[in-house]
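These notes are about the structure you will find just below.
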Amino acid sequence: MALRRTTASVVLSHDFLIQHKTYTQQYAGLYFSRLALQRTRVLAGARELWDSDPEKGNAKFVSKILDVQAGEMCYVIGTVYVHMPLKPNILDEIAREHNVEPLPPRSKYASEEDVVLLEDESGRLQLSGDFLESINFVTGIVVAVLGSEMRDGSFEVIDIAYPKLDPQSPLPMSLEDEDAYIAIVSGINIDEKGVGMEAHLMVDYLTGDIGCFEDQKEISRITRLVIAGNTINLAKPTEEELHQLRTRRAPAQVKYGTPAARRADPVLYLDVLLSELCSSLNVDVMPGEGDPASYQLPQQPMHFALFPKSQGYSSFHMATNPHAFTVDGVSVLGTSGQNLDDIFRYGGPDDRMEMAESMLQWGHICPTAPDTLWCFPFVDDDPFILKSRPHVLFIGNQPEYATRLVTAENGEVTRIILVPSFSNRSSVVIVNMRTLEPSVVRFRP
């Protein structure tokens, strides 16, 4: 194989690392911090949008929701809360503790009884108007709404403004004659049966063990592989094990020769696969919903002790979820998919790409946390806030592959990529770091 192309990479995921794991604080602190951090950005976005408008430019900015006067054209900033009766609640957890089978999870929370509210430190305001039908609202986004309070106490919205992000770092001018690529895969889902043939073909492809010289020369330009979660598919507990958990009884001792004793460890299979990959290129392993890592976001890196064969390679990197880094100055931000899956349940369009694009508009990649998405109870910070647009935004473990090049009004570009689950599509996404153009490689035995 040709000599592997090298690039300068910088990890930017430090904000997602939890230094002090304390859980005595309330989640209200996260919402207060989010509003405080986003208020200045939203105000800048509102003034940029409305000040030059001959009709909307005369609207008054009201700093507190409780100071809104009926009949007065104004705009106010707050956090959106969507009251949805079909959202999951704590009664489901209580039902499980009392051996009562809860209702199956819903694919969508939306219903005709939903109410959109805007709240800040002083109070809350119910939003109304035909304009809301064209907006995809989810709980947790910070916005400015323009309109006036009606007689019934609701606020009729005629326009909305989003946070103004910091300038995006310019795309570097490549001085190299050859392109550099990164590969992104998600949802390998290795189970007790071992690594499938498709995954073996993927390893052989990325390490340059298959293909002619021209193919290997092209593969050598792939400088980094990002595994975006759900690498392991742990076996579901049996009915007996679930009963022991519900009744809080100690599990029976596993006897030699039983199916439980013969159950292979998927982590061992994964370790072998990663060690083969790390021998050839840099590998970033992000945790996912089904991996042995913290369940709440931001998910912390899986422990090195799980991978004795791979941890000896300097090219082996345990990453957080979300994960941010740069490759030769090109900024990349990605998640393992829980954020988009949760936003999808809020209704609106069934186009996941449109919802992913909305994250750039909202200036936030996990707005529904902690309402319907588990996250750490931050007090003075919100690491999910987008300070600037990344050049590449990928979201793993999606049903289908999709991509879109989004260009902002100021000319900033972001390549959004929905990475499909490998166990379903047997696909790896290859992204050109110079042109931001992606391509898909599919593996079939």
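Naming scheme: A, B, ... for chains in displayed order of the structure tokens; residues 1 onward per chain; ligands 1 onward as shown.
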inquiry  = So that I can check the surroundings of Met302 (chain A), please list as number ranges by chain every protein, DNA and RNA residue that reaches within 7 Å of it, counting only C-alpha atoms and ignoring chain neighbours fewer than 4 positions away.
reply    = A: 287, 292-293, 318
Using only N, CA, C and O atoms, please write the residues we just selected to a file, as a PDB file, in the first residue's frame.
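Everything below was put into selection-v1.pdb:
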ATOM      1  N   PRO A 287     -18.722   6.961  21.853  1.00  0.00           N
ATOM      2  CA  PRO A 287     -19.749   6.088  22.410  1.00  0.00           C
ATOM      3  C   PRO A 287     -21.115   6.400  21.814  1.00  0.00           C
ATOM      4  O   PRO A 287     -21.359   7.499  21.314  1.00  0.00           O
ATOM      5  N   PRO A 292     -20.965   0.576  26.120  1.00  0.00           N
ATOM      6  CA  PRO A 292     -20.656   0.592  27.562  1.00  0.00           C
ATOM      7  C   PRO A 292     -20.024   1.911  27.981  1.00  0.00           C
ATOM      8  O   PRO A 292     -18.821   2.021  28.178  1.00  0.00           O
ATOM      9  N   ALA A 293     -20.847   2.926  28.087  1.00  0.00           N
ATOM     10  CA  ALA A 293     -20.407   4.259  28.492  1.00  0.00           C
ATOM     11  C   ALA A 293     -21.565   4.931  29.207  1.00  0.00           C
ATOM     12  O   ALA A 293     -22.663   4.374  29.305  1.00  0.00           O
ATOM     13  N   MET A 318      -9.999   7.493  22.232  1.00  0.00           N
ATOM     14  CA  MET A 318     -11.339   7.394  22.796  1.00  0.00           C
ATOM     15  C   MET A 318     -11.928   8.795  22.852  1.00  0.00           C
ATOM     16  O   MET A 318     -11.338   9.706  23.443  1.00  0.00           O
TER      17      MET A 318
END
Go through region 322-425 of chain A residue by residue and, counting only C-alpha atoms, keep those with an atom at most 10 Å from region 15-24 of chain A; for each kept residue give the shortest atom pair and its distance in Å to one decimal, ordered by chain and increasing number, as a Markdown table.
| residue | atom | partner | partner_atom | distance |
| --- | --- | --- | --- | --- |
| A:Pro322 | CA | A:Phe16 | CA | 7.1 |
| A:His323 | CA | A:Phe16 | CA | 7.8 |
| A:Ala324 | CA | A:Phe16 | CA | 9.1 |
| A:Phe376 | CA | A:Tyr23 | CA | 8.0 |
| A:Pro377 | CA | A:Tyr23 | CA | 6.8 |
| A:Phe378 | CA | A:Tyr23 | CA | 9.1 |
| A:Asp381 | CA | A:Asp15 | CA | 9.3 |
| A:Asp382 | CA | A:Asp15 | CA | 8.9 |
| A:Pro383 | CA | A:Asp15 | CA | 5.8 |
| A:Phe384 | CA | A:Phe16 | CA | 8.2 |
Keeping only N, CA and C atoms, write the selected residues as a PDB file, in the first residue's frame.
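Final file, result00.pdb:
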ATOM      1  N   PRO A 322     -21.037  14.452  22.098  1.00  0.00           N
ATOM      2  CA  PRO A 322     -20.519  14.852  20.784  1.00  0.00           C
ATOM      3  C   PRO A 322     -18.978  14.901  20.747  1.00  0.00           C
ATOM      4  N   HIS A 323     -18.469  14.971  19.520  1.00  0.00           N
ATOM      5  CA  HIS A 323     -17.027  14.976  19.288  1.00  0.00           C
ATOM      6  C   HIS A 323     -16.692  16.080  18.297  1.00  0.00           C
ATOM      7  N   ALA A 324     -15.682  16.897  18.631  1.00  0.00           N
ATOM      8  CA  ALA A 324     -15.269  18.009  17.768  1.00  0.00           C
ATOM      9  C   ALA A 324     -13.767  17.947  17.559  1.00  0.00           C
ATOM     10  N   PHE A 376     -26.072  15.732  31.449  1.00  0.00           N
ATOM     11  CA  PHE A 376     -25.503  16.084  32.747  1.00  0.00           C
ATOM     12  C   PHE A 376     -26.077  17.428  33.202  1.00  0.00           C
ATOM     13  N   PRO A 377     -26.375  17.592  34.487  1.00  0.00           N
ATOM     14  CA  PRO A 377     -26.959  18.856  34.972  1.00  0.00           C
ATOM     15  C   PRO A 377     -25.916  19.958  35.134  1.00  0.00           C
ATOM     16  N   PHE A 378     -25.510  20.555  34.032  1.00  0.00           N
ATOM     17  CA  PHE A 378     -24.563  21.659  34.092  1.00  0.00           C
ATOM     18  C   PHE A 378     -25.201  22.853  34.806  1.00  0.00           C
ATOM     19  N   ASP A 381     -22.672  26.443  32.570  1.00  0.00           N
ATOM     20  CA  ASP A 381     -22.220  26.267  31.185  1.00  0.00           C
ATOM     21  C   ASP A 381     -23.217  25.403  30.440  1.00  0.00           C
ATOM     22  N   ASP A 382     -23.173  25.472  29.130  1.00  0.00           N
ATOM     23  CA  ASP A 382     -23.931  24.596  28.246  1.00  0.00           C
ATOM     24  C   ASP A 382     -23.029  24.264  27.062  1.00  0.00           C
ATOM     25  N   PRO A 383     -22.342  23.124  27.109  1.00  0.00           N
ATOM     26  CA  PRO A 383     -21.365  22.811  26.059  1.00  0.00           C
ATOM     27  C   PRO A 383     -21.991  22.518  24.708  1.00  0.00           C
ATOM     28  N   PHE A 384     -23.319  22.361  24.655  1.00  0.00           N
ATOM     29  CA  PHE A 384     -23.976  22.038  23.393  1.00  0.00           C
ATOM     30  C   PHE A 384     -24.264  23.271  22.540  1.00  0.00           C
TER      31      PHE A 384
END
Using only C-alpha atoms, what table do you get, as CSV, when you list each residue of region 110-204 of chain A with an atom no more than 10 Å from region 208-211 of chain A, its nearest pair of atoms, and their distance in Å rounded to one decimal, rows by chain then rising number?
residue,atom,partner,partner_atom,distance
A:Leu201,CA,A:Ile210,CA,8.4
A:Met202,CA,A:Ile210,CA,9.8
A:Val203,CA,A:Asp209,CA,8.4
A:Asp204,CA,A:Asp209,CA,4.9
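Distances to Ala305 (chain A) were evaluated for A:Val267, A:Leu281, A:Phe61, A:Arg434 using only C-alpha atoms, and the minimum falls at A:Val267.
For the pair CA of Arg39 (chain A) and CA of His364 (chain A), the separation is 13.0 Å.
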query = For the atom pair CA of Phe307 (chain A) and CA of Ser280 (chain A), what is the interatomic distance in Å to one decimal place?
reply = 16.9 Å
key: Per-residue DSSP, region 122-254 of chain A, filtered to strand (DSSP E or B), as number ranges by chain   = A: 124-128, 142-149, 155-161, 166, 181-186, 190-191, 194, 222-228, 232
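If you count only C-alpha atoms and ignore residues fewer than 4 places along the chain from Lys108 (chain A), what sits within 9 Å of it is Leu86, Lys87, Phe344, Arg345, Tyr346 and Gly347 of chain A.
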Please, could you write that set of residues out with all heavy atoms as a PDB file, in the first residue's frame?
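Output below, filename out03.pdb:
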ATOM      1  N   LEU A  86     -48.247  14.140  25.144  1.00  0.00           N
ATOM      2  CA  LEU A  86     -47.808  12.783  24.796  1.00  0.00           C
ATOM      3  C   LEU A  86     -46.350  12.522  25.114  1.00  0.00           C
ATOM      4  O   LEU A  86     -45.848  11.424  24.861  1.00  0.00           O
ATOM      5  CB  LEU A  86     -48.058  12.532  23.305  1.00  0.00           C
ATOM      6  CG  LEU A  86     -49.520  12.602  22.845  1.00  0.00           C
ATOM      7  CD1 LEU A  86     -49.622  12.257  21.374  1.00  0.00           C
ATOM      8  CD2 LEU A  86     -50.398  11.672  23.674  1.00  0.00           C
ATOM      9  N   LYS A  87     -45.645  13.522  25.659  1.00  0.00           N
ATOM     10  CA  LYS A  87     -44.248  13.293  26.030  1.00  0.00           C
ATOM     11  C   LYS A  87     -44.154  12.299  27.193  1.00  0.00           C
ATOM     12  O   LYS A  87     -45.041  12.237  28.035  1.00  0.00           O
ATOM     13  CB  LYS A  87     -43.574  14.611  26.426  1.00  0.00           C
ATOM     14  CG  LYS A  87     -43.144  15.456  25.266  1.00  0.00           C
ATOM     15  CD  LYS A  87     -42.199  16.559  25.680  1.00  0.00           C
ATOM     16  CE  LYS A  87     -42.791  17.495  26.705  1.00  0.00           C
ATOM     17  NZ  LYS A  87     -41.921  18.670  26.925  1.00  0.00           N
ATOM     18  N   PHE A 344     -36.552  14.538  16.251  1.00  0.00           N
ATOM     19  CA  PHE A 344     -37.481  13.972  15.279  1.00  0.00           C
ATOM     20  C   PHE A 344     -38.820  13.631  15.915  1.00  0.00           C
ATOM     21  O   PHE A 344     -39.872  13.684  15.257  1.00  0.00           O
ATOM     22  CB  PHE A 344     -36.846  12.726  14.647  1.00  0.00           C
ATOM     23  CG  PHE A 344     -37.671  12.082  13.578  1.00  0.00           C
ATOM     24  CD1 PHE A 344     -37.741  12.634  12.311  1.00  0.00           C
ATOM     25  CD2 PHE A 344     -38.381  10.923  13.834  1.00  0.00           C
ATOM     26  CE1 PHE A 344     -38.501  12.040  11.315  1.00  0.00           C
ATOM     27  CE2 PHE A 344     -39.141  10.321  12.851  1.00  0.00           C
ATOM     28  CZ  PHE A 344     -39.204  10.878  11.589  1.00  0.00           C
ATOM     29  N   ARG A 345     -38.818  13.281  17.209  1.00  0.00           N
ATOM     30  CA  ARG A 345     -40.060  12.906  17.886  1.00  0.00           C
ATOM     31  C   ARG A 345     -40.965  14.095  18.174  1.00  0.00           C
ATOM     32  O   ARG A 345     -42.123  13.917  18.543  1.00  0.00           O
ATOM     33  CB  ARG A 345     -39.729  12.195  19.204  1.00  0.00           C
ATOM     34  CG  ARG A 345     -38.971  10.886  19.022  1.00  0.00           C
ATOM     35  CD  ARG A 345     -38.819  10.147  20.328  1.00  0.00           C
ATOM     36  NE  ARG A 345     -38.075   8.906  20.165  1.00  0.00           N
ATOM     37  CZ  ARG A 345     -36.790   8.761  20.457  1.00  0.00           C
ATOM     38  NH1 ARG A 345     -36.108   9.801  20.933  1.00  0.00           N
ATOM     39  NH2 ARG A 345     -36.177   7.620  20.275  1.00  0.00           N
ATOM     40  N   TYR A 346     -40.437  15.307  18.029  1.00  0.00           N
ATOM     41  CA  TYR A 346     -41.256  16.490  18.301  1.00  0.00           C
ATOM     42  C   TYR A 346     -42.214  16.811  17.160  1.00  0.00           C
ATOM     43  O   TYR A 346     -42.920  17.817  17.214  1.00  0.00           O
ATOM     44  CB  TYR A 346     -40.354  17.699  18.572  1.00  0.00           C
ATOM     45  CG  TYR A 346     -39.947  17.812  20.023  1.00  0.00           C
ATOM     46  CD1 TYR A 346     -39.029  16.935  20.570  1.00  0.00           C
ATOM     47  CD2 TYR A 346     -40.483  18.790  20.841  1.00  0.00           C
ATOM     48  CE1 TYR A 346     -38.656  17.022  21.888  1.00  0.00           C
ATOM     49  CE2 TYR A 346     -40.114  18.893  22.164  1.00  0.00           C
ATOM     50  CZ  TYR A 346     -39.199  18.001  22.688  1.00  0.00           C
ATOM     51  OH  TYR A 346     -38.828  18.090  24.014  1.00  0.00           O
ATOM     52  N   GLY A 347     -42.256  16.003  16.152  1.00  0.00           N
ATOM     53  CA  GLY A 347     -43.177  16.258  15.061  1.00  0.00           C
ATOM     54  C   GLY A 347     -42.552  17.112  13.991  1.00  0.00           C
ATOM     55  O   GLY A 347     -41.353  17.028  13.720  1.00  0.00           O
TER      56      GLY A 347
END
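Residue nearest Ile222 (chain A) within the list A:Leu393, A:Val406, A:Ala44, A:Val431: A:Val431 [criterion: smallest interatomic distance, only C-alpha atoms].
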Non-local contacts of Arg404 (chain A) (7 Å; only C-alpha atoms; under 6 positions in same chain excluded) as a list in words = Arg415, Ile416 and Ile417 of chain A
query = Near Ile182 (chain A), within 9 Å and counting only C-alpha atoms, which residues show up once chain neighbours fewer than 2 positions away are dropped, as a count of residues only?
reply = 14
query = Hey, can you check how far CA of Asn230 (chain A) sits from CA of Gln26 (chain A)?
reply = 29.4 Å
message = Show me, as an MDAnalysis selection string, the residues that have an atom within 7 Å of region 33-38 of chain A when counting only C-alpha atoms, minus same-chain residues fewer than 6 positions from it.
response = chainID A and resid 78:79 142 163 379:382
Can you write just those residues out, all heavy atoms, as a short mmCIF file (atom, residue, chain, number, x, y, z; two decimals), in the first residue's frame?
data_model
loop_
_atom_site.label_atom_id
_atom_site.label_comp_id
_atom_site.auth_asym_id
_atom_site.auth_seq_id
_atom_site.Cartn_x
_atom_site.Cartn_y
_atom_site.Cartn_z
N GLY A 78 -36.50 34.60 24.97
CA GLY A 78 -36.74 33.58 25.99
C GLY A 78 -36.45 32.19 25.45
O GLY A 78 -36.06 32.00 24.29
N THR A 79 -36.65 31.21 26.32
CA THR A 79 -36.46 29.81 25.98
C THR A 79 -37.80 29.19 25.61
O THR A 79 -38.78 29.35 26.34
CB THR A 79 -35.84 29.04 27.16
OG1 THR A 79 -34.63 29.67 27.55
CG2 THR A 79 -35.56 27.60 26.78
N VAL A 142 -33.41 28.94 22.26
CA VAL A 142 -33.52 30.33 22.71
C VAL A 142 -33.71 31.20 21.47
O VAL A 142 -32.87 31.20 20.57
CB VAL A 142 -32.27 30.77 23.50
CG1 VAL A 142 -32.41 32.22 23.95
CG2 VAL A 142 -32.07 29.86 24.71
N PRO A 163 -30.10 33.00 17.20
CA PRO A 163 -28.79 33.52 17.63
C PRO A 163 -27.88 33.85 16.45
O PRO A 163 -27.88 33.16 15.43
CB PRO A 163 -28.21 32.38 18.47
CG PRO A 163 -29.38 31.56 18.89
CD PRO A 163 -30.37 31.67 17.78
N VAL A 379 -24.36 23.66 35.44
CA VAL A 379 -24.85 24.81 36.20
C VAL A 379 -24.47 26.12 35.53
O VAL A 379 -25.32 26.97 35.25
CB VAL A 379 -24.32 24.78 37.65
CG1 VAL A 379 -24.77 26.02 38.40
CG2 VAL A 379 -24.79 23.52 38.36
N ASP A 380 -23.20 26.31 35.24
CA ASP A 380 -22.71 27.58 34.71
C ASP A 380 -22.31 27.50 33.24
O ASP A 380 -21.68 28.42 32.73
CB ASP A 380 -21.51 28.07 35.53
CG ASP A 380 -21.88 28.30 36.99
OD1 ASP A 380 -22.99 28.78 37.23
OD2 ASP A 380 -21.06 27.97 37.87
N ASP A 381 -22.67 26.44 32.57
CA ASP A 381 -22.22 26.27 31.18
C ASP A 381 -23.22 25.40 30.44
O ASP A 381 -24.03 24.68 31.04
CB ASP A 381 -20.83 25.63 31.16
CG ASP A 381 -20.21 25.64 29.77
OD1 ASP A 381 -20.65 26.47 28.95
OD2 ASP A 381 -19.32 24.83 29.50
N ASP A 382 -23.17 25.47 29.13
CA ASP A 382 -23.93 24.60 28.25
C ASP A 382 -23.03 24.26 27.06
O ASP A 382 -22.92 25.03 26.11
CB ASP A 382 -25.21 25.28 27.77
CG ASP A 382 -26.09 24.34 26.95
OD1 ASP A 382 -25.65 23.21 26.67
OD2 ASP A 382 -27.22 24.73 26.60
#
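Closest to Val10 (chain A) among A:Tyr269, A:Phe325, A:Tyr109, A:Trp374 is A:Phe325, based on only C-alpha atoms.
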query = Of the candidates A:Ser294, A:Ser279, A:Ser331, A:Asn136, which one gets nearest to Glu354 (chain A) if we count only C-alpha atoms?
reply = A:Asn136
Could you go through region 296-403 of chain A and tell me which residues DSSP, when run on the backbone, assigns to helix (DSSP H, G or I), listing them as an mmCIF file with N, CA and C atoms, in the first residue's frame?
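Final output, result37.cif:
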data_model
loop_
_atom_site.group_PDB
_atom_site.id
_atom_site.type_symbol
_atom_site.label_atom_id
_atom_site.label_comp_id
_atom_site.auth_asym_id
_atom_site.auth_seq_id
_atom_site.Cartn_x
_atom_site.Cartn_y
_atom_site.Cartn_z
ATOM 1 N N PHE A 304 -10.385 2.845 28.519
ATOM 2 C CA PHE A 304 -9.304 2.196 27.774
ATOM 3 C C PHE A 304 -9.143 0.726 28.172
ATOM 4 N N ALA A 305 -9.488 0.386 29.410
ATOM 5 C CA ALA A 305 -9.293 -0.985 29.865
ATOM 6 C C ALA A 305 -10.148 -1.987 29.097
ATOM 7 N N LEU A 306 -11.178 -1.500 28.416
ATOM 8 C CA LEU A 306 -12.011 -2.398 27.623
ATOM 9 C C LEU A 306 -11.298 -2.901 26.376
ATOM 10 N N GLN A 338 -28.302 10.535 18.974
ATOM 11 C CA GLN A 338 -29.406 10.646 19.924
ATOM 12 C C GLN A 338 -30.102 11.999 19.843
ATOM 13 N N ASN A 339 -29.338 13.062 19.569
ATOM 14 C CA ASN A 339 -29.931 14.392 19.527
ATOM 15 C C ASN A 339 -30.940 14.532 18.393
ATOM 16 N N LEU A 340 -30.591 14.065 17.209
ATOM 17 C CA LEU A 340 -31.504 14.172 16.075
ATOM 18 C C LEU A 340 -32.686 13.218 16.227
ATOM 19 N N ASP A 341 -32.452 12.035 16.768
ATOM 20 C CA ASP A 341 -33.560 11.100 16.994
ATOM 21 C C ASP A 341 -34.594 11.702 17.934
ATOM 22 N N ASP A 342 -34.144 12.422 18.955
ATOM 23 C CA ASP A 342 -35.074 13.010 19.907
ATOM 24 C C ASP A 342 -35.811 14.204 19.300
ATOM 25 N N ILE A 343 -35.103 15.030 18.538
ATOM 26 C CA ILE A 343 -35.755 16.164 17.871
ATOM 27 C C ILE A 343 -36.813 15.659 16.896
ATOM 28 N N PHE A 344 -36.552 14.538 16.251
ATOM 29 C CA PHE A 344 -37.481 13.972 15.279
ATOM 30 C C PHE A 344 -38.820 13.631 15.915
ATOM 31 N N ARG A 352 -35.344 14.449 8.170
ATOM 32 C CA ARG A 352 -34.314 14.562 9.198
ATOM 33 C C ARG A 352 -33.234 15.571 8.802
ATOM 34 N N MET A 353 -32.962 15.708 7.521
ATOM 35 C CA MET A 353 -31.961 16.668 7.079
ATOM 36 C C MET A 353 -32.398 18.086 7.419
ATOM 37 N N GLU A 354 -33.668 18.391 7.250
ATOM 38 C CA GLU A 354 -34.168 19.727 7.589
ATOM 39 C C GLU A 354 -34.017 20.001 9.079
ATOM 40 N N MET A 355 -34.241 18.980 9.905
ATOM 41 C CA MET A 355 -34.081 19.151 11.346
ATOM 42 C C MET A 355 -32.615 19.339 11.711
ATOM 43 N N ALA A 356 -31.724 18.618 11.031
ATOM 44 C CA ALA A 356 -30.294 18.795 11.279
ATOM 45 C C ALA A 356 -29.852 20.193 10.891
ATOM 46 N N GLU A 357 -30.389 20.718 9.795
ATOM 47 C CA GLU A 357 -30.066 22.079 9.384
ATOM 48 C C GLU A 357 -30.584 23.095 10.394
ATOM 49 N N SER A 358 -31.705 22.773 11.042
ATOM 50 C CA SER A 358 -32.254 23.680 12.053
ATOM 51 C C SER A 358 -31.305 23.851 13.234
ATOM 52 N N MET A 359 -30.493 22.837 13.535
ATOM 53 C CA MET A 359 -29.532 22.962 14.631
ATOM 54 C C MET A 359 -28.580 24.122 14.391
ATOM 55 N N LEU A 360 -28.159 24.314 13.142
ATOM 56 C CA LEU A 360 -27.280 25.437 12.823
ATOM 57 C C LEU A 360 -28.011 26.753 13.029
ATOM 58 N N GLN A 361 -29.280 26.780 12.688
ATOM 59 C CA GLN A 361 -30.076 27.992 12.858
ATOM 60 C C GLN A 361 -30.316 28.286 14.325
ATOM 61 N N TRP A 362 -30.585 27.248 15.111
ATOM 62 C CA TRP A 362 -30.819 27.418 16.541
ATOM 63 C C TRP A 362 -29.542 27.761 17.306
#
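Near Ser9 (chain A), within a cut-off of 9 Å and counting only C-alpha atoms, sit the residues Thr7, Val11, Phe325, Thr326, Val327, Asp328 and Gly329 of chain A, with same-chain residues fewer than 2 positions away left out.
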Export of the given selection (N, CA and C atoms) as a compact mmCIF listing (two decimals), in the first residue's frame:
# COMPACT_ATOMS: atom_id res chain seq x y z
N THR A 7 -2.00 14.35 8.26
CA THR A 7 -2.65 15.64 8.42
C THR A 7 -2.45 16.12 9.85
N VAL A 11 -7.96 18.04 18.58
CA VAL A 11 -9.21 17.67 19.23
C VAL A 11 -9.77 18.88 19.96
N PHE A 325 -13.33 18.22 16.32
CA PHE A 325 -11.91 18.22 16.00
C PHE A 325 -11.69 18.97 14.69
N THR A 326 -10.44 19.21 14.38
CA THR A 326 -10.09 19.83 13.10
C THR A 326 -9.11 18.93 12.36
N VAL A 327 -9.17 18.97 11.05
CA VAL A 327 -8.24 18.26 10.18
C VAL A 327 -7.68 19.27 9.19
N ASP A 328 -6.42 19.61 9.36
CA ASP A 328 -5.78 20.63 8.51
C ASP A 328 -6.59 21.92 8.48
N GLY A 329 -7.12 22.30 9.65
CA GLY A 329 -7.86 23.55 9.76
C GLY A 329 -9.33 23.47 9.43
message = Could you check the closest approach to Pro370 (chain A) for each of A:Pro170, A:Pro298, A:Gly187, A:Trp50 and tell me which residue wins, using only C-alpha atoms?
response = A:Pro298
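In this comparison, which uses only C-alpha atoms, the residue of A:Asp67, A:Glu192, A:Glu198, A:Asp53 approaching Asp159 (chain A) most closely is A:Asp53.
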